[in-house]
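Text of my_file.tsv, listed as TSV, N, CA and C atoms:
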chain	number	residue	atom	x	y	z
M	295	VAL	N	12.55	-0.52	-5.42
M	295	VAL	CA	11.89	-0.32	-4.14
M	295	VAL	C	10.72	-1.29	-4.02
M	296	HIS	N	10.62	-1.91	-2.86
M	296	HIS	CA	9.49	-2.80	-2.59
M	296	HIS	C	8.91	-2.47	-1.23
M	297	LEU	N	7.59	-2.35	-1.22
M	297	LEU	CA	6.83	-2.22	0.02
M	297	LEU	C	5.85	-3.38	0.04
M	298	VAL	N	5.95	-4.24	1.05
M	298	VAL	CA	5.13	-5.44	1.09
M	298	VAL	C	4.30	-5.44	2.37
M	299	GLU	N	2.99	-5.33	2.19
M	299	GLU	CA	2.07	-5.34	3.33
M	299	GLU	C	1.70	-6.76	3.71
M	300	SER	N	1.38	-6.94	4.97
M	300	SER	CA	0.89	-8.22	5.47
M	300	SER	C	0.01	-7.97	6.68
M	301	GLY	N	-0.73	-9.01	7.06
M	301	GLY	CA	-1.53	-8.93	8.27
M	301	GLY	C	-3.01	-8.70	8.06
M	302	GLY	N	-3.43	-8.51	6.82
M	302	GLY	CA	-4.85	-8.33	6.57
M	302	GLY	C	-5.62	-9.62	6.75
M	303	GLY	N	-6.94	-9.51	6.70
M	303	GLY	CA	-7.77	-10.69	6.85
M	303	GLY	C	-9.19	-10.33	7.22
M	304	LEU	N	-9.92	-11.34	7.66
M	304	LEU	CA	-11.31	-11.19	8.08
M	304	LEU	C	-11.37	-11.13	9.60
M	305	VAL	N	-12.08	-10.15	10.12
M	305	VAL	CA	-12.20	-9.99	11.56
M	305	VAL	C	-13.61	-9.54	11.88
M	306	GLN	N	-14.10	-9.91	13.04
M	306	GLN	CA	-15.43	-9.50	13.47
M	306	GLN	C	-15.42	-8.06	13.97
M	307	PRO	N	-16.56	-7.40	13.90
M	307	PRO	CA	-16.64	-6.05	14.47
M	307	PRO	C	-16.20	-6.05	15.93
M	308	GLY	N	-15.43	-5.03	16.28
M	308	GLY	CA	-14.88	-4.94	17.62
M	308	GLY	C	-13.53	-5.61	17.78
M	309	GLY	N	-13.12	-6.35	16.77
M	309	GLY	CA	-11.85	-7.06	16.83
M	309	GLY	C	-10.66	-6.19	16.46
M	310	SER	N	-9.50	-6.82	16.42
M	310	SER	CA	-8.25	-6.12	16.15
M	310	SER	C	-7.45	-6.83	15.07
M	311	LEU	N	-6.67	-6.04	14.36
M	311	LEU	CA	-5.69	-6.56	13.40
M	311	LEU	C	-4.46	-5.68	13.47
M	312	ARG	N	-3.34	-6.27	13.12
M	312	ARG	CA	-2.10	-5.49	13.03
M	312	ARG	C	-1.53	-5.68	11.63
M	313	LEU	N	-1.46	-4.60	10.89
M	313	LEU	CA	-0.85	-4.62	9.57
M	313	LEU	C	0.62	-4.25	9.68
M	314	SER	N	1.42	-4.88	8.84
M	314	SER	CA	2.84	-4.55	8.77
M	314	SER	C	3.23	-4.29	7.32
M	315	CYS	N	4.24	-3.47	7.16
M	315	CYS	CA	4.77	-3.16	5.83
M	315	CYS	C	6.29	-3.27	5.91
M	316	ALA	N	6.85	-4.15	5.12
M	316	ALA	CA	8.30	-4.33	5.07
M	316	ALA	C	8.84	-3.61	3.84
M	317	ALA	N	9.81	-2.74	4.05
M	317	ALA	CA	10.36	-1.93	2.97
M	317	ALA	C	11.76	-2.40	2.62
M	318	SER	N	12.07	-2.35	1.34
M	318	SER	CA	13.41	-2.67	0.88
M	318	SER	C	13.73	-1.83	-0.35
M	319	GLY	N	15.02	-1.64	-0.59
M	319	GLY	CA	15.44	-0.89	-1.76
M	319	GLY	C	15.41	0.60	-1.61
M	320	LEU	N	15.24	1.09	-0.39
M	320	LEU	CA	15.22	2.53	-0.14
M	320	LEU	C	15.84	2.80	1.23
M	321	THR	N	16.25	4.04	1.42
M	321	THR	CA	16.78	4.43	2.73
M	321	THR	C	15.58	4.77	3.60
M	322	PHE	N	15.10	3.75	4.27
M	322	PHE	CA	13.79	3.80	4.94
M	322	PHE	C	13.69	4.97	5.91
M	323	SER	N	14.73	5.22	6.65
M	323	SER	CA	14.68	6.23	7.71
M	323	SER	C	14.57	7.66	7.17
M	324	THR	N	14.66	7.85	5.87
M	324	THR	CA	14.52	9.18	5.28
M	324	THR	C	13.13	9.43	4.71
M	325	TYR	N	12.26	8.44	4.82
M	325	TYR	CA	10.91	8.55	4.26
M	325	TYR	C	9.87	8.70	5.35
M	326	GLY	N	8.94	9.64	5.13
M	326	GLY	CA	7.71	9.60	5.89
M	326	GLY	C	6.89	8.42	5.38
M	327	MET	N	6.15	7.81	6.29
M	327	MET	CA	5.37	6.63	5.94
M	327	MET	C	3.90	6.85	6.25
M	328	ASN	N	3.07	6.35	5.38
M	328	ASN	CA	1.63	6.51	5.52
M	328	ASN	C	0.92	5.19	5.30
M	329	TRP	N	-0.25	5.09	5.87
M	329	TRP	CA	-1.19	4.04	5.51
M	329	TRP	C	-2.40	4.71	4.88
M	330	TYR	N	-2.77	4.20	3.71
M	330	TYR	CA	-3.99	4.61	3.02
M	330	TYR	C	-4.93	3.42	2.97
M	331	ARG	N	-6.18	3.71	2.67
M	331	ARG	CA	-7.12	2.62	2.42
M	331	ARG	C	-8.09	3.03	1.32
M	332	GLN	N	-8.62	2.02	0.66
M	332	GLN	CA	-9.60	2.26	-0.38
M	332	GLN	C	-10.68	1.19	-0.31
M	333	ALA	N	-11.89	1.66	-0.05
M	333	ALA	CA	-13.05	0.78	-0.02
M	333	ALA	C	-13.66	0.72	-1.41
M	334	PRO	N	-14.41	-0.34	-1.70
M	334	PRO	CA	-15.03	-0.47	-3.02
M	334	PRO	C	-15.88	0.74	-3.37
M	335	GLY	N	-15.64	1.31	-4.54
M	335	GLY	CA	-16.43	2.43	-5.00
M	335	GLY	C	-16.10	3.76	-4.36
M	336	LYS	N	-15.04	3.79	-3.56
M	336	LYS	CA	-14.67	5.03	-2.87
M	336	LYS	C	-13.26	5.46	-3.25
M	337	GLU	N	-12.98	6.72	-2.97
M	337	GLU	CA	-11.64	7.25	-3.20
M	337	GLU	C	-10.67	6.68	-2.16
M	338	ARG	N	-9.41	6.60	-2.57
M	338	ARG	CA	-8.38	6.20	-1.60
M	338	ARG	C	-8.23	7.33	-0.57
M	339	GLU	N	-8.15	6.96	0.69
M	339	GLU	CA	-8.06	7.97	1.76
M	339	GLU	C	-6.87	7.71	2.66
M	340	LEU	N	-6.30	8.79	3.16
M	340	LEU	CA	-5.18	8.71	4.08
M	340	LEU	C	-5.71	8.35	5.47
M	341	VAL	N	-5.11	7.33	6.06
M	341	VAL	CA	-5.55	6.83	7.35
M	341	VAL	C	-4.64	7.30	8.47
M	342	ALA	N	-3.32	7.14	8.27
M	342	ALA	CA	-2.37	7.47	9.32
M	342	ALA	C	-1.03	7.83	8.71
M	343	THR	N	-0.31	8.71	9.41
M	343	THR	CA	0.98	9.21	8.96
M	343	THR	C	1.98	9.15	10.09
M	344	ILE	N	3.23	8.83	9.76
M	344	ILE	CA	4.30	8.88	10.75
M	344	ILE	C	5.52	9.51	10.10
M	345	SER	N	6.19	10.36	10.84
M	345	SER	CA	7.36	11.05	10.31
M	345	SER	C	8.53	10.09	10.15
M	346	SER	N	9.56	10.55	9.46
M	346	SER	CA	10.71	9.68	9.17
M	346	SER	C	11.40	9.19	10.45
M	347	ALA	N	11.44	10.02	11.46
M	347	ALA	CA	12.07	9.63	12.72
M	347	ALA	C	11.10	8.93	13.66
M	348	GLY	N	9.83	8.96	13.32
M	348	GLY	CA	8.83	8.31	14.15
M	348	GLY	C	8.36	9.15	15.31
M	349	ASP	N	8.69	10.45	15.31
M	349	ASP	CA	8.36	11.29	16.46
M	349	ASP	C	7.10	12.12	16.26
M	350	SER	N	6.45	11.92	15.13
M	350	SER	CA	5.21	12.65	14.87
M	350	SER	C	4.26	11.75	14.11
M	351	THR	N	3.01	11.71	14.57
M	351	THR	CA	1.98	10.90	13.92
M	351	THR	C	0.71	11.73	13.76
M	352	SER	N	-0.11	11.32	12.83
M	352	SER	CA	-1.43	11.92	12.68
M	352	SER	C	-2.38	10.89	12.10
M	353	TYR	N	-3.68	11.13	12.34
M	353	TYR	CA	-4.68	10.14	11.98
M	353	TYR	C	-5.90	10.82	11.36
M	354	ALA	N	-6.58	10.07	10.51
M	354	ALA	CA	-7.88	10.52	10.04
M	354	ALA	C	-8.84	10.52	11.22
M	355	ASP	N	-9.80	11.43	11.18
M	355	ASP	CA	-10.77	11.51	12.28
M	355	ASP	C	-11.50	10.18	12.47
M	356	SER	N	-11.73	9.48	11.38
M	356	SER	CA	-12.52	8.25	11.44
M	356	SER	C	-11.81	7.12	12.19
M	357	VAL	N	-10.50	7.21	12.36
M	357	VAL	CA	-9.76	6.13	13.02
M	357	VAL	C	-9.04	6.61	14.29
M	358	ASN	N	-9.05	7.90	14.53
M	358	ASN	CA	-8.33	8.45	15.67
M	358	ASN	C	-8.83	7.83	16.97
M	359	GLY	N	-7.88	7.35	17.77
M	359	GLY	CA	-8.24	6.70	19.02
M	359	GLY	C	-8.41	5.20	18.91
M	360	ARG	N	-8.49	4.70	17.68
M	360	ARG	CA	-8.64	3.25	17.46
M	360	ARG	C	-7.41	2.64	16.77
M	361	PHE	N	-6.77	3.42	15.93
M	361	PHE	CA	-5.61	2.93	15.17
M	361	PHE	C	-4.34	3.59	15.69
M	362	THR	N	-3.24	2.86	15.62
M	362	THR	CA	-1.94	3.39	16.01
M	362	THR	C	-0.89	3.01	14.97
M	363	ILE	N	-0.21	4.01	14.45
M	363	ILE	CA	0.87	3.77	13.50
M	363	ILE	C	2.20	3.82	14.24
M	364	SER	N	3.12	2.95	13.85
M	364	SER	CA	4.45	2.93	14.44
M	364	SER	C	5.45	2.46	13.40
M	365	ARG	N	6.72	2.69	13.68
M	365	ARG	CA	7.75	2.25	12.74
M	365	ARG	C	8.98	1.80	13.50
M	366	ASP	N	9.77	0.95	12.85
M	366	ASP	CA	11.03	0.49	13.39
M	366	ASP	C	12.07	0.70	12.30
M	367	ASN	N	12.85	1.75	12.41
M	367	ASN	CA	13.80	2.07	11.36
M	367	ASN	C	14.97	1.08	11.32
M	368	SER	N	15.17	0.34	12.39
M	368	SER	CA	16.23	-0.68	12.39
M	368	SER	C	15.82	-1.92	11.60
M	369	LYS	N	14.50	-2.08	11.43
M	369	LYS	CA	13.98	-3.24	10.70
M	369	LYS	C	13.29	-2.87	9.39
M	370	ASN	N	13.28	-1.57	9.08
M	370	ASN	CA	12.62	-1.09	7.86
M	370	ASN	C	11.16	-1.52	7.78
M	371	THR	N	10.47	-1.35	8.89
M	371	THR	CA	9.06	-1.73	8.92
M	371	THR	C	8.19	-0.60	9.49
M	372	VAL	N	6.97	-0.57	9.03
M	372	VAL	CA	5.96	0.31	9.59
M	372	VAL	C	4.72	-0.55	9.84
M	373	SER	N	4.04	-0.25	10.94
M	373	SER	CA	2.89	-1.07	11.32
M	373	SER	C	1.67	-0.19	11.58
M	374	LEU	N	0.53	-0.83	11.52
M	374	LEU	CA	-0.72	-0.16	11.84
M	374	LEU	C	-1.52	-1.10	12.74
M	375	GLN	N	-1.62	-0.74	14.00
M	375	GLN	CA	-2.44	-1.50	14.95
M	375	GLN	C	-3.85	-0.97	14.87
M	376	MET	N	-4.79	-1.85	14.57
M	376	MET	CA	-6.18	-1.44	14.38
M	376	MET	C	-7.04	-2.14	15.42
M	377	ASN	N	-7.64	-1.36	16.30
M	377	ASN	CA	-8.51	-1.89	17.35
M	377	ASN	C	-9.94	-1.42	17.14
M	378	SER	N	-10.85	-2.07	17.82
M	378	SER	CA	-12.27	-1.70	17.76
M	378	SER	C	-12.73	-1.54	16.32
M	379	LEU	N	-12.41	-2.51	15.52
M	379	LEU	CA	-12.71	-2.41	14.09
M	379	LEU	C	-14.21	-2.40	13.82
M	380	LYS	N	-14.57	-1.64	12.80
M	380	LYS	CA	-15.96	-1.47	12.40
M	380	LYS	C	-16.13	-1.95	10.95
M	381	PRO	N	-17.33	-2.30	10.57
M	381	PRO	CA	-17.54	-2.72	9.17
M	381	PRO	C	-17.08	-1.67	8.17
M	382	GLU	N	-17.21	-0.41	8.54
M	382	GLU	CA	-16.78	0.65	7.62
M	382	GLU	C	-15.27	0.77	7.48
M	383	ASP	N	-14.53	0.00	8.26
M	383	ASP	CA	-13.06	-0.06	8.08
M	383	ASP	C	-12.67	-1.04	6.98
M	384	THR	N	-13.64	-1.76	6.45
M	384	THR	CA	-13.36	-2.71	5.38
M	384	THR	C	-12.81	-1.98	4.16
M	385	ALA	N	-11.65	-2.42	3.70
M	385	ALA	CA	-10.97	-1.77	2.58
M	385	ALA	C	-9.68	-2.51	2.27
M	386	VAL	N	-9.08	-2.13	1.16
M	386	VAL	CA	-7.69	-2.54	0.90
M	386	VAL	C	-6.80	-1.46	1.51
M	387	TYR	N	-5.85	-1.90	2.32
M	387	TYR	CA	-4.95	-0.98	3.01
M	387	TYR	C	-3.58	-1.00	2.31
M	388	TYR	N	-3.08	0.22	2.06
M	388	TYR	CA	-1.84	0.38	1.31
M	388	TYR	C	-0.78	1.09	2.16
M	389	CYS	N	0.42	0.60	2.07
M	389	CYS	CA	1.59	1.24	2.64
M	389	CYS	C	2.14	2.23	1.61
M	390	HIS	N	2.59	3.38	2.09
M	390	HIS	CA	3.00	4.47	1.19
M	390	HIS	C	4.21	5.16	1.79
M	391	ALA	N	5.26	5.29	0.99
M	391	ALA	CA	6.49	5.96	1.42
M	391	ALA	C	6.62	7.27	0.65
M	392	VAL	N	6.97	8.34	1.35
M	392	VAL	CA	7.06	9.65	0.70
M	392	VAL	C	8.31	10.39	1.14
M	393	ARG	N	8.96	10.99	0.16
M	393	ARG	CA	10.12	11.84	0.39
M	393	ARG	C	10.07	12.93	-0.66
M	394	PHE	N	10.89	13.99	-0.50
M	394	PHE	CA	10.80	15.12	-1.41
M	394	PHE	C	10.98	14.72	-2.88
M	395	ASP	N	11.70	13.63	-3.11
M	395	ASP	CA	12.05	13.25	-4.48
M	395	ASP	C	11.27	12.04	-5.00
M	396	GLY	N	10.24	11.62	-4.27
M	396	GLY	CA	9.48	10.52	-4.82
M	396	GLY	C	8.57	9.84	-3.83
M	397	ILE	N	7.69	9.02	-4.35
M	397	ILE	CA	6.77	8.24	-3.54
M	397	ILE	C	6.78	6.80	-4.01
M	398	HIS	N	6.38	5.89	-3.11
M	398	HIS	CA	6.29	4.47	-3.45
M	398	HIS	C	5.07	3.88	-2.77
M	399	TRP	N	4.45	2.93	-3.46
M	399	TRP	CA	3.25	2.27	-2.94
M	399	TRP	C	3.48	0.77	-2.81
M	400	GLY	N	2.86	0.18	-1.80
M	400	GLY	CA	2.77	-1.25	-1.73
M	400	GLY	C	1.61	-1.76	-2.56
M	401	GLN	N	1.44	-3.08	-2.57
M	401	GLN	CA	0.40	-3.68	-3.41
M	401	GLN	C	-0.95	-3.76	-2.69
M	402	GLY	N	-0.94	-3.55	-1.38
M	402	GLY	CA	-2.17	-3.55	-0.62
M	402	GLY	C	-2.48	-4.88	0.05
M	403	THR	N	-3.23	-4.79	1.14
M	403	THR	CA	-3.70	-5.98	1.84
M	403	THR	C	-5.16	-5.76	2.23
M	404	GLN	N	-5.97	-6.77	2.02
M	404	GLN	CA	-7.42	-6.65	2.25
M	404	GLN	C	-7.74	-6.82	3.73
M	405	VAL	N	-8.55	-5.91	4.23
M	405	VAL	CA	-9.10	-6.01	5.58
M	405	VAL	C	-10.63	-6.03	5.44
M	406	THR	N	-11.23	-7.06	5.99
M	406	THR	CA	-12.68	-7.19	5.94
M	406	THR	C	-13.20	-7.34	7.37
M	407	VAL	N	-14.09	-6.45	7.74
M	407	VAL	CA	-14.69	-6.47	9.07
M	407	VAL	C	-16.16	-6.85	8.91
M	408	SER	N	-16.47	-8.05	9.37
M	408	SER	CA	-17.82	-8.57	9.16
M	408	SER	C	-18.10	-9.68	10.17
M	409	SER	N	-19.36	-9.77	10.55
M	409	SER	CA	-19.77	-10.87	11.42
M	409	SER	C	-20.28	-12.05	10.60
Please express what this file holds, its structure, as structure tokens.
Amino acid sequence: VHLVESGGGLVQPGGSLRLSCAASGLTFSTYGMNWYRQAPGKERELVATISSAGDSTSYADSVNGRFTISRDNSKNTVSLQMNSLKPEDTAVYYCHAVRFDGIHWGQGTQVTVSS
């Protein structure tokens, strides 16, 4: 199983980024997908969740209204659209696949919000 994130980078406060995660080696449509993030010196936290069919999503309070998670089961991808970025959104963002019989993590992509 491989989960490969892309789209991270440096952005100014108030800007936008779109993260993508390409999955392979698993039956993607049977997995719930999540985005986590971990800032330096902090615990890894759940940012956004999307159900296997893509019909249910949820967000951390800190990103609700600014971030949008979506998936394309025909392309085995999950994305995170991040708008109105703040310096406190700076972190490594991880793609995470979960099913009753296992979990998988991507390697992470760095997002830095700074002027």
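Residue nearest Arg360 in chain M within the list M:Thr343, M:Thr321, M:Gln401, M:Ser310: M:Ser310 [criterion: smallest interatomic distance, only C-alpha atoms].
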State, in Å with one decimal place, the distance from CA of Val298 in chain M to atom N of Glu339 in chain M.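 It comes out at 18.2 Å.
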Excluding Gly319 in chain M and any residue of its chain fewer than 5 positions from it, enumerate the residues within 8 Å of it, using only N, CA and C atoms, and give them as a VMD selection string. chain M and resid 295 to 297
Point out the residue among M:Gly303, M:Gly359, M:Gly309, M:Gly402 with the least atom-to-atom distance to His390 in chain M, counting only C-alpha atoms.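 Among M:Gly303, M:Gly359, M:Gly309, M:Gly402, it is M:Gly402 that comes nearest to His390 in chain M.
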Please identify all polymer residues within 8 Å of Tyr353 in chain M, counting only N, CA and C atoms, omitting same-chain residues fewer than 2 positions from it, and present them as number ranges by chain. M: 340-344, 351, 355-359, 361, 363
Taking 3 positions as the minimum chain separation for residues in the same chain, which residues sit within 6.5 Å of Cys315 in chain M when counting only N, CA and C atoms? Answer as a list of chain:residue names.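 Listed by chain and then number, they are M:Leu297, M:Val298, M:Glu299, M:Ser300, M:Asn370, M:Thr371, M:Val372, M:Ser373, M:Leu374, M:Cys389.
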How many Å separate CA of Asn367 in chain M from CA of Ala347 in chain M?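 Computed distance, CA of Asn367 in chain M to CA of Ala347 in chain M, equals 7.9 Å.
Put simply, CA of Gly348 in chain M is 28.2 Å away from atom N of Val305 in chain M.
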Best match for closeness to Gly308 in chain M among M:Ser323, M:Ser364, M:Gln375, M:Ser408, counting all atoms listed in the file: M:Ser408
Pick from M:Tyr325, M:Asp366, M:Arg331, M:Ser345, whichever lies nearest to Gly302 in chain M using only C-alpha atoms: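 Of the candidates, the smallest distance to Gly302 in chain M is held by M:Arg331.
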Name the residues of chain M that fall into strand (DSSP E or B) according to DSSP on the backbone, using the chain letters and numbers of this document, as a ChimeraX atom specification. /M:296-300,303-305,311-318,326-332,339-344,351-353,361-366,371-376,385-393,396-399,403-407
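Using only N, CA and C atoms, the shortest contact distance between Gly301 in chain M and any of M:Asn377, M:Thr403, M:Ser350, M:Asn328 is found at M:Thr403.
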Neighbours of Lys369 in chain M within 8 Å (only N, CA and C atoms; same-chain residues fewer than 4 positions away dropped), as JSON, numbers by chain? {"M": [315, 316, 317, 365]}
